[in-house]
file start20.cif (mmCIF, C-alpha atoms)
data_start
#
loop_
_atom_site.label_atom_id
_atom_site.label_comp_id
_atom_site.auth_asym_id
_atom_site.auth_seq_id
_atom_site.Cartn_x
_atom_site.Cartn_y
_atom_site.Cartn_z
CA MET A 1 11.48 38.51 -35.03
CA ARG A 2 10.51 37.30 -38.50
CA PHE A 3 10.97 39.44 -41.60
CA SER A 4 7.89 41.10 -43.07
CA GLU A 5 6.24 39.68 -46.16
CA GLY A 6 8.01 40.77 -49.34
CA LEU A 7 11.29 41.42 -47.52
CA GLU A 8 13.84 38.68 -48.09
CA PRO A 9 16.69 38.33 -45.55
CA PRO A 10 20.22 38.35 -46.98
CA SER A 11 20.82 34.99 -45.32
CA PRO A 12 18.94 32.67 -42.96
CA ARG A 13 21.20 33.83 -40.12
CA HIS A 14 20.12 37.49 -40.35
CA VAL A 15 17.59 38.93 -37.88
CA CYS A 16 15.70 42.20 -37.49
CA PHE A 17 17.10 44.94 -35.26
CA LEU A 18 14.25 46.55 -33.29
CA LYS A 19 14.52 50.31 -32.87
CA LYS A 20 11.89 50.34 -30.15
CA SER A 21 10.16 47.95 -27.80
CA LEU A 22 7.66 45.46 -29.17
CA TYR A 23 5.06 47.11 -26.94
CA GLY A 24 5.45 50.25 -29.02
CA LEU A 25 4.56 48.59 -32.31
CA LYS A 26 0.99 48.91 -33.50
CA GLU A 27 0.94 45.24 -34.54
CA ALA A 28 2.18 44.00 -31.15
CA SER A 29 -1.20 43.45 -29.49
CA ARG A 30 -2.63 41.64 -32.53
CA GLN A 31 0.38 39.38 -32.87
CA TRP A 32 0.40 38.60 -29.15
CA TYR A 33 -3.30 37.70 -29.22
CA ALA A 34 -2.82 35.49 -32.29
CA ARG A 35 0.09 33.71 -30.59
CA LEU A 36 -1.78 33.19 -27.31
CA ALA A 37 -5.04 32.16 -28.99
CA GLY A 38 -3.17 29.64 -31.13
CA ALA A 39 -1.49 28.10 -28.09
CA LEU A 40 -4.76 27.86 -26.15
CA SER A 41 -6.52 26.41 -29.18
CA PHE A 42 -3.83 23.72 -29.35
CA LYS A 43 -4.63 22.93 -25.71
CA GLY A 44 -8.33 22.52 -26.54
CA TYR A 45 -9.65 25.92 -25.45
CA THR A 46 -12.29 27.75 -27.48
CA SER A 47 -12.49 31.51 -27.86
CA SER A 48 -15.92 32.91 -27.04
CA LEU A 49 -17.64 34.63 -29.96
CA ASN A 50 -19.26 37.00 -27.45
CA ASP A 51 -15.98 38.09 -25.86
CA TYR A 52 -12.75 37.34 -27.71
CA SER A 53 -10.69 37.77 -24.53
CA LEU A 54 -12.52 34.82 -22.95
CA PHE A 55 -11.42 31.20 -23.50
CA PHE A 56 -13.13 28.11 -22.13
CA LYS A 57 -12.83 24.34 -22.24
CA THR A 58 -15.42 21.77 -21.18
CA THR A 59 -14.30 18.23 -20.31
CA GLY A 60 -16.59 15.63 -18.76
CA GLY A 61 -18.95 18.21 -17.30
CA LEU A 62 -16.05 20.28 -15.86
CA ILE A 63 -15.25 23.70 -17.27
CA SER A 64 -12.02 25.70 -17.25
CA ILE A 65 -12.13 29.45 -17.99
CA ILE A 66 -9.32 31.81 -18.98
CA SER A 67 -9.83 35.58 -19.10
CA VAL A 68 -7.12 37.61 -20.83
CA TYR A 69 -6.33 41.32 -20.65
CA VAL A 70 -3.20 41.91 -22.77
CA ASP A 71 -0.63 39.90 -20.76
CA ASP A 72 -2.62 39.66 -17.51
CA ILE A 73 -4.36 36.29 -17.34
CA LEU A 74 -7.02 35.08 -14.90
CA LEU A 75 -7.75 31.34 -14.59
CA THR A 76 -10.64 29.60 -12.90
CA GLY A 77 -12.53 26.34 -13.19
CA ASP A 78 -14.26 23.44 -11.50
CA ALA A 79 -11.10 21.36 -10.98
CA ILE A 80 -7.76 22.58 -9.62
CA SER A 81 -5.96 19.90 -11.64
CA LYS A 82 -7.17 21.49 -14.89
CA ILE A 83 -5.99 24.91 -13.74
CA LEU A 84 -2.54 23.59 -12.82
CA ASP A 85 -2.31 21.77 -16.13
CA VAL A 86 -2.93 24.88 -18.23
CA THR A 87 -0.65 26.89 -15.92
CA HIS A 88 2.27 24.53 -16.59
CA PHE A 89 1.48 24.67 -20.31
CA LEU A 90 1.49 28.49 -20.39
CA ASN A 91 4.69 28.58 -18.37
CA ALA A 92 6.39 26.27 -20.86
CA GLU A 93 5.17 28.40 -23.78
CA PHE A 94 5.54 31.95 -22.44
CA GLN A 95 7.34 31.70 -19.07
CA VAL A 96 4.43 33.15 -17.09
CA LYS A 97 4.52 33.94 -13.40
CA MET A 98 1.98 32.17 -11.17
CA LEU A 99 0.71 34.57 -8.49
CA GLY A 100 -1.57 32.16 -6.63
CA ASP A 101 -5.13 32.95 -5.50
CA ILE A 102 -6.50 36.20 -6.80
CA ASN A 103 -6.38 39.22 -4.50
CA TYR A 104 -5.49 42.07 -6.85
CA PHE A 105 -6.26 42.30 -10.56
CA LEU A 106 -6.15 45.30 -12.91
CA GLY A 107 -6.33 47.80 -10.05
CA MET A 108 -9.21 46.00 -8.33
CA GLU A 109 -8.90 44.45 -4.88
CA ILE A 110 -10.65 41.08 -4.50
CA ILE A 111 -11.46 39.78 -1.02
CA ARG A 112 -12.74 36.24 -0.57
CA GLU A 113 -15.52 35.88 2.00
CA ALA A 114 -17.91 33.09 2.91
CA SER A 115 -20.72 34.98 1.16
CA GLY A 116 -18.72 35.51 -2.04
CA PHE A 117 -16.12 37.90 -3.49
CA ILE A 118 -15.94 41.57 -2.52
CA ILE A 119 -14.45 43.68 -5.32
CA SER A 120 -13.38 47.25 -4.58
CA GLN A 121 -10.78 49.88 -5.51
CA ARG A 122 -10.06 51.18 -2.04
CA GLN A 123 -6.33 51.78 -2.48
CA PHE A 124 -6.87 53.53 -5.81
CA THR A 125 -9.51 55.76 -4.19
CA MET A 126 -7.26 56.62 -1.25
CA ASN A 127 -4.41 57.55 -3.60
CA LEU A 128 -6.81 59.68 -5.65
CA LEU A 129 -8.03 61.59 -2.59
CA LYS A 130 -4.44 62.16 -1.50
CA GLU A 131 -3.31 63.27 -4.96
CA PHE A 132 -5.99 65.97 -5.27
CA ASP A 133 -5.85 66.93 -1.58
CA CYS A 134 -9.58 66.55 -1.06
CA THR A 135 -10.87 69.00 1.57
CA GLY A 136 -14.28 69.99 2.83
CA SER A 137 -17.07 68.01 4.43
CA SER A 138 -18.31 64.74 2.98
CA VAL A 139 -21.49 64.70 0.90
CA SER A 140 -24.20 62.07 0.42
CA SER A 141 -24.48 62.25 -3.39
CA PRO A 142 -21.89 62.51 -6.20
CA LEU A 143 -23.62 65.51 -7.84
CA ASP A 144 -25.80 68.30 -6.57
CA PRO A 145 -29.36 67.11 -7.45
CA TYR A 146 -30.49 70.73 -7.94
CA MET A 147 -27.74 71.71 -10.38
CA LYS A 148 -27.64 70.96 -14.10
CA LEU A 149 -24.26 71.27 -15.77
CA GLN A 150 -24.01 72.87 -19.20
CA ALA A 151 -21.38 74.32 -21.54
CA ASP A 152 -20.17 77.92 -21.12
CA ASP A 153 -21.22 77.86 -17.49
CA GLY A 154 -18.76 80.40 -16.12
CA PRO A 155 -15.06 81.17 -16.54
CA LEU A 156 -12.78 78.60 -18.16
CA LEU A 157 -10.05 76.78 -16.25
CA ASP A 158 -6.48 77.99 -16.65
CA ASN A 159 -5.09 74.43 -16.55
CA PRO A 160 -7.44 72.04 -18.44
CA THR A 161 -5.09 69.07 -17.96
CA GLU A 162 -5.94 68.77 -14.27
CA TYR A 163 -9.66 68.40 -14.99
CA ARG A 164 -9.10 65.75 -17.66
CA HIS A 165 -6.74 63.88 -15.38
CA LEU A 166 -9.29 63.88 -12.55
CA VAL A 167 -12.26 62.81 -14.69
CA GLY A 168 -10.18 60.06 -16.31
CA LYS A 169 -9.31 58.59 -12.90
CA LEU A 170 -12.89 58.90 -11.69
CA ASN A 171 -14.04 57.06 -14.81
CA PHE A 172 -11.76 54.14 -13.86
CA LEU A 173 -13.65 53.85 -10.56
CA THR A 174 -16.91 53.03 -12.36
CA HIS A 175 -15.65 49.43 -12.73
CA THR A 176 -16.69 48.80 -9.13
CA ARG A 177 -18.85 51.86 -8.34
CA PRO A 178 -22.16 51.87 -10.25
CA ASP A 179 -23.21 54.89 -8.19
CA LEU A 180 -20.67 57.03 -10.07
CA SER A 181 -21.83 56.21 -13.61
CA TYR A 182 -24.25 59.11 -13.98
CA ALA A 183 -21.88 61.64 -12.43
CA ILE A 184 -18.98 60.61 -14.67
CA LEU A 185 -21.25 60.83 -17.72
CA CYS A 186 -22.10 64.42 -16.85
CA LEU A 187 -18.48 65.41 -16.22
CA SER A 188 -17.11 63.67 -19.33
CA GLN A 189 -19.16 65.88 -21.63
CA TYR A 190 -16.89 68.84 -20.99
CA MET A 191 -13.45 67.36 -21.54
CA GLN A 192 -12.73 69.73 -24.45
CA GLN A 193 -13.92 72.94 -22.83
CA HIS A 194 -14.51 72.95 -19.11
CA CYS A 195 -15.39 75.71 -16.69
CA LEU A 196 -14.76 76.30 -13.04
CA SER A 197 -18.24 74.98 -12.20
CA HIS A 198 -17.40 71.67 -13.89
CA PHE A 199 -14.23 71.31 -11.82
CA SER A 200 -16.18 72.12 -8.65
CA ALA A 201 -18.63 69.35 -9.53
CA ALA A 202 -15.74 66.91 -10.00
CA GLN A 203 -14.35 67.90 -6.60
CA ARG A 204 -17.75 67.14 -5.08
CA VAL A 205 -17.40 63.58 -6.37
CA LEU A 206 -14.12 63.34 -4.43
CA ARG A 207 -15.89 64.48 -1.28
CA TYR A 208 -18.51 61.81 -1.89
CA LEU A 209 -15.79 59.14 -2.25
CA ARG A 210 -14.27 60.17 1.07
CA GLU A 211 -17.46 59.08 2.84
CA ASP A 212 -16.72 55.40 2.05
CA PRO A 213 -13.57 54.86 -0.07
CA GLY A 214 -13.75 51.07 0.28
CA GLN A 215 -17.25 50.68 -1.11
CA GLY A 216 -17.47 48.05 -3.83
CA ILE A 217 -19.65 45.23 -5.07
CA LEU A 218 -20.36 41.75 -3.71
CA LEU A 219 -20.38 38.83 -6.11
CA SER A 220 -22.52 36.41 -4.14
CA SER A 221 -21.59 32.74 -3.86
CA THR A 222 -25.27 31.79 -3.93
CA PRO A 223 -25.80 29.27 -6.79
CA SER A 224 -28.36 31.41 -8.63
CA TYR A 225 -28.30 32.34 -12.31
CA ASP A 226 -31.37 34.57 -12.35
CA LEU A 227 -30.87 37.76 -14.34
CA LEU A 228 -32.78 40.88 -13.30
CA ALA A 229 -32.68 44.19 -15.18
CA PHE A 230 -33.78 47.76 -14.43
CA CYS A 231 -33.79 50.71 -16.80
CA ASP A 232 -34.80 54.35 -16.72
CA VAL A 233 -34.32 57.54 -18.70
CA ASP A 234 -34.00 61.28 -18.10
CA TRP A 235 -35.87 62.87 -21.00
CA ALA A 236 -34.17 65.88 -22.69
CA PHE A 237 -31.55 65.87 -19.94
CA CYS A 238 -28.80 67.74 -21.80
CA LYS A 239 -29.45 71.49 -21.91
CA ASP A 240 -27.05 71.91 -24.82
CA SER A 241 -28.30 69.18 -27.18
CA ARG A 242 -31.63 68.17 -25.55
CA ARG A 243 -30.70 64.52 -25.87
CA SER A 244 -31.95 62.11 -23.22
CA VAL A 245 -29.82 60.03 -20.87
CA CYS A 246 -30.68 56.36 -20.35
CA GLY A 247 -29.31 54.01 -17.76
CA PHE A 248 -29.61 50.35 -16.83
CA PHE A 249 -28.60 48.08 -13.97
CA ILE A 250 -28.41 44.28 -14.29
CA THR A 251 -27.86 41.70 -11.56
CA LEU A 252 -27.07 37.98 -11.68
CA GLY A 253 -28.20 36.08 -8.61
CA GLY A 254 -28.57 39.40 -6.80
CA ALA A 255 -25.00 40.52 -7.64
CA PRO A 256 -24.49 43.52 -9.94
CA ILE A 257 -22.67 42.53 -13.14
CA SER A 258 -23.50 45.22 -15.71
CA TRP A 259 -24.50 48.89 -15.54
CA LYS A 260 -24.28 51.96 -17.71
CA SER A 261 -25.42 55.57 -17.97
CA LYS A 262 -25.23 56.95 -21.48
CA LYS A 263 -26.61 59.78 -23.56
CA GLN A 264 -28.86 58.64 -26.39
CA MET A 265 -27.59 59.05 -29.95
CA SER A 266 -30.60 61.03 -31.21
CA ILE A 267 -33.18 63.43 -29.81
CA SER A 268 -36.36 61.75 -28.56
CA LEU A 269 -39.50 63.75 -29.32
CA SER A 270 -41.36 62.38 -26.28
CA SER A 271 -40.61 60.75 -22.95
CA VAL A 272 -42.29 57.56 -24.18
CA GLU A 273 -39.89 57.37 -27.12
CA ALA A 274 -36.95 57.90 -24.79
CA GLU A 275 -38.19 55.15 -22.46
CA TYR A 276 -38.68 52.74 -25.36
CA ARG A 277 -35.13 53.39 -26.56
CA SER A 278 -33.91 52.70 -23.03
CA ILE A 279 -35.73 49.35 -22.99
CA ARG A 280 -34.22 48.46 -26.36
CA ARG A 281 -30.73 49.28 -25.09
CA VAL A 282 -30.95 47.08 -22.00
CA THR A 283 -32.52 44.27 -24.07
CA THR A 284 -29.43 44.30 -26.28
CA GLU A 285 -27.22 43.99 -23.22
CA LEU A 286 -29.32 41.12 -21.85
CA THR A 287 -29.11 39.26 -25.16
CA TRP A 288 -25.33 39.48 -25.03
CA LEU A 289 -25.20 38.35 -21.40
CA VAL A 290 -27.39 35.32 -22.09
CA SER A 291 -25.08 34.25 -24.93
CA LEU A 292 -22.00 34.82 -22.76
CA LEU A 293 -23.39 32.81 -19.85
CA ASP A 294 -24.34 30.03 -22.24
CA ASP A 295 -20.65 29.84 -23.29
CA LEU A 296 -19.78 29.39 -19.61
CA SER A 297 -22.27 26.51 -19.26
CA THR A 298 -24.41 28.57 -16.88
CA PRO A 299 -27.50 29.52 -18.92
CA PRO A 300 -29.77 31.89 -16.94
CA SER A 301 -33.40 31.26 -16.14
CA LEU A 302 -35.76 32.51 -18.85
CA PRO A 303 -37.69 34.75 -19.27
CA ILE A 304 -35.69 37.61 -17.76
CA PRO A 305 -37.62 40.23 -15.76
CA LEU A 306 -37.06 43.76 -17.09
CA HIS A 307 -38.38 46.62 -14.96
CA SER A 308 -39.33 50.05 -16.32
CA ASP A 309 -41.43 52.75 -14.67
CA ARG A 310 -43.32 53.88 -17.80
CA GLN A 311 -46.46 51.85 -18.53
CA ILE A 312 -46.95 53.20 -22.07
CA ALA A 313 -43.44 52.14 -23.08
CA ILE A 314 -44.07 48.70 -21.56
CA HIS A 315 -47.28 48.29 -23.58
CA ILE A 316 -45.46 49.32 -26.77
CA ALA A 317 -42.71 46.77 -26.08
CA ARG A 318 -45.33 44.05 -25.58
CA ASN A 319 -47.09 44.88 -28.86
CA ASN A 320 -45.50 42.59 -31.45
CA ALA A 321 -47.33 44.21 -34.38
CA ARG A 322 -46.16 47.67 -33.38
CA ASN A 323 -42.59 46.43 -32.88
CA THR A 324 -42.62 44.99 -36.41
CA LEU A 325 -43.79 48.35 -37.78
CA ILE A 326 -41.06 50.19 -35.86
CA TRP A 327 -38.46 47.76 -37.25
CA ILE A 328 -39.69 48.36 -40.83
CA VAL A 329 -39.62 52.15 -40.43
CA THR A 330 -36.15 52.00 -38.87
CA SER A 331 -34.87 49.81 -41.72
CA CYS A 332 -36.24 52.27 -44.29
CA VAL A 333 -34.62 55.22 -42.53
CA ASN A 334 -31.29 53.38 -42.38
CA ASN A 335 -31.38 52.38 -46.05
CA PHE A 336 -32.65 55.60 -47.58
CA SER A 337 -31.56 59.21 -47.27
CA LEU A 338 -33.59 62.37 -47.75
CA VAL A 339 -32.58 64.79 -50.51
#
call {"tool": "encode", "arguments": {"input": "start20.cif", "output": "structure tokens"}}
result
Amino acid sequence: MRFSEGLEPPSPRHVCFLKKSLYGLKEASRQWYARLAGALSFKGYTSSLNDYSLFFKTTGGLISIISVYVDDILLTGDAISKILDVTHFLNAEFQVKMLGDINYFLGMEIIREASGFIISQRQFTMNLLKEFDCTGSSVSSPLDPYMKLQADDGPLLDNPTEYRHLVGKLNFLTHTRPDLSYAILCLSQYMQQHCLSHFSAAQRVLRYLREDPGQGILLSSTPSYDLLAFCDVDWAFCKDSRRSVCGFFITLGGAPISWKSKKQMSISLSSVEAEYRSIRRVTTELTWLVSLLDDLSTPPSLPIPLHSDRQIAIHIARNNARNTLIWIVTSCVNNFSLV
């Protein structure tokens, strides 16, 4: 380990004595990324400006892609020779371990089928059901559609750690379960102060998972790069703050690739305003996806269909003059404060 700037070693033969693992240092992740990015850059790979953990290299119409999560690396490309070449290079630089074809990555199980890749978290779900000893009959929905959660909804839990632990693990499942996004959003609002009713709602999610623990998503092998987006909003959903909840669902070639359910940052005074904000949010996500796919040499077909169920919000979005006025008003609000 090199000495820090401004600290001169007594002699060139002196080294630093680490009092804890490199993984415990706050600079470790930045230094590791700088080292890895520098090595890949030397090999001709470019870091994507849309996702800094993504590296790609195009040679003669063939592309090689490297996705990095800390020290877990996923390689793919059009030619196996290019993949083997960068694998040997990384092994010479960092002594990596080649695990072969992907079947398990970051807690997700990947199954290769003729129709594409099936991604699920079945083993994680089974362990979760066993850990919390899920009992009771299975249910068809994650949350009770007739119940609205809110703060101070009954007696508090004696052990708040168990609720936080459960919601945290359920949140990890949203990587492959879009159907849990809304439920996890509702449960995550009460991490600081949660009641018995909140814990009962979280246990209902477990009963829902028991119905089909292996459910996941299918990334189709069909050569289609058509993006399709859906968005909707629940106006004044939160009983405590009266903020609306918006959600979107985006597919690429019929395969789900991006989804989210999130509470809006400010209170919408009408359902039309809430719907318009929802359209703006999914448009931002689509803009990022188009740029990312362009880095991967797979630009999607344009224009991209965006579906919303509120005609007034659609007409507002189509009105260029009105959109310009909204942008001007928003800029003024952001640059000036009321006294």
call {"tool": "resolve_selection", "arguments": {"input": "start20.cif", "expression": "the PyMOL selection byres ((chain A and resi 36) around 12)", "output": "short mmCIF file (atom, residue, chain, number, x, y, z; two decimals) with C-alpha atoms, in the coordinates of the input"}}
result
data_model
loop_
_atom_site.label_atom_id
_atom_site.label_comp_id
_atom_site.auth_asym_id
_atom_site.auth_seq_id
_atom_site.Cartn_x
_atom_site.Cartn_y
_atom_site.Cartn_z
CA SER A 29 -1.20 43.45 -29.49
CA ARG A 30 -2.63 41.64 -32.53
CA GLN A 31 0.38 39.38 -32.87
CA TRP A 32 0.40 38.60 -29.15
CA TYR A 33 -3.30 37.70 -29.22
CA ALA A 34 -2.82 35.49 -32.29
CA ARG A 35 0.09 33.71 -30.59
CA ALA A 37 -5.04 32.16 -28.99
CA GLY A 38 -3.17 29.64 -31.13
CA ALA A 39 -1.49 28.10 -28.09
CA LEU A 40 -4.76 27.86 -26.15
CA SER A 41 -6.52 26.41 -29.18
CA PHE A 42 -3.83 23.72 -29.35
CA LYS A 43 -4.63 22.93 -25.71
CA TYR A 45 -9.65 25.92 -25.45
CA THR A 46 -12.29 27.75 -27.48
CA SER A 47 -12.49 31.51 -27.86
CA TYR A 52 -12.75 37.34 -27.71
CA SER A 53 -10.69 37.77 -24.53
CA LEU A 54 -12.52 34.82 -22.95
CA PHE A 55 -11.42 31.20 -23.50
CA ILE A 66 -9.32 31.81 -18.98
CA SER A 67 -9.83 35.58 -19.10
CA VAL A 68 -7.12 37.61 -20.83
CA TYR A 69 -6.33 41.32 -20.65
CA VAL A 70 -3.20 41.91 -22.77
CA ASP A 71 -0.63 39.90 -20.76
CA ASP A 72 -2.62 39.66 -17.51
CA ILE A 73 -4.36 36.29 -17.34
CA PHE A 89 1.48 24.67 -20.31
CA LEU A 90 1.49 28.49 -20.39
CA ASN A 91 4.69 28.58 -18.37
CA GLU A 93 5.17 28.40 -23.78
CA PHE A 94 5.54 31.95 -22.44
CA VAL A 96 4.43 33.15 -17.09
#
call {"tool": "closest_residue", "arguments": {"input": "start20.cif", "among": "A:Met108, A:Cys195, A:Leu149, A:Leu296", "to": "Thr176 (chain A)", "atoms": "all atoms listed in the file"}}
result
A:Met108
call {"tool": "residues_around", "arguments": {"input": "start20.cif", "residues": "Ser64 (chain A)", "least_positions_apart": "3", "cutoff": "10 Å", "atoms": "only C-alpha atoms", "output": "ChimeraX atom specification"}}
result
/A:45,55-59,75-80,82-83,86,296
call {"tool": "residues_around", "arguments": {"input": "start20.cif", "residues": "Thr283 (chain A)", "least_positions_apart": "4", "cutoff": "12 Å", "atoms": "only C-alpha atoms", "output": "MDAnalysis selection string"}}
result
chainID A and resid 227:231 248:250 276:279 287:290 303:308 317
call {"tool": "atom_distance", "arguments": {"input": "start20.cif", "atom1": "CA of Pro142 (chain A)", "atom2": "CA of Asn171 (chain A)"}}
result
12.9 Å
call {"tool": "residues_around", "arguments": {"input": "start20.cif", "residues": "Pro256 (chain A)", "least_positions_apart": "5", "cutoff": "9 Å", "atoms": "all atoms listed in the file", "output": "PyMOL selection string"}}
result
chain A and resi 178+217-219+249-251
call {"tool": "atom_distance", "arguments": {"input": "start20.cif", "atom1": "CA of Ala201 (chain A)", "atom2": "CA of Lys260 (chain A)"}}
result
20.0 Å
call {"tool": "resolve_selection", "arguments": {"input": "start20.cif", "expression": "the PyMOL selection byres ((chain A and resi 267) around 7)", "output": "count of residues only"}}
result
6
call {"tool": "residues_near_point", "arguments": {"input": "start20.cif", "point": "(-23.0, 59.8, -18.9)", "cutoff": "9 Å", "atoms": "all atoms listed in the file", "output": "list in words"}}
result
Ser181, Tyr182, Ala183, Ile184, Leu185, Cys186, Leu187, Ser188, Gln189, Val245, Cys246, Gly247, Lys260, Ser261, Lys262 and Lys263 of chain A
call {"tool": "resolve_selection", "arguments": {"input": "start20.cif", "expression": "the PyMOL selection byres ((chain A and resi 206) around 12)", "output": "count of residues only"}}
result
41
call {"tool": "atom_distance", "arguments": {"input": "start20.cif", "atom1": "CA of His88 (chain A)", "atom2": "CA of Asp101 (chain A)"}}
result
15.8 Å
call {"tool": "closest_residue", "arguments": {"input": "start20.cif", "among": "A:His315, A:Phe172, A:His198, A:Pro299", "to": "Ser224 (chain A)", "atoms": "all atoms listed in the file"}}
result
A:Pro299
call {"tool": "closest_residue", "arguments": {"input": "start20.cif", "among": "A:Arg310, A:Glu5, A:Ile65, A:Lys26", "to": "Gly44 (chain A)", "atoms": "all atoms listed in the file"}}
result
A:Ile65
call {"tool": "closest_residue", "arguments": {"input": "start20.cif", "among": "A:Met265, A:Leu293, A:Leu7, A:Ala274", "to": "Tyr225 (chain A)", "atoms": "all atoms listed in the file"}}
result
A:Leu293
call {"tool": "closest_residue", "arguments": {"input": "start20.cif", "among": "A:Leu84, A:Leu25, A:Val282, A:Ile118", "to": "Gly100 (chain A)", "atoms": "all atoms listed in the file"}}
result
A:Leu84
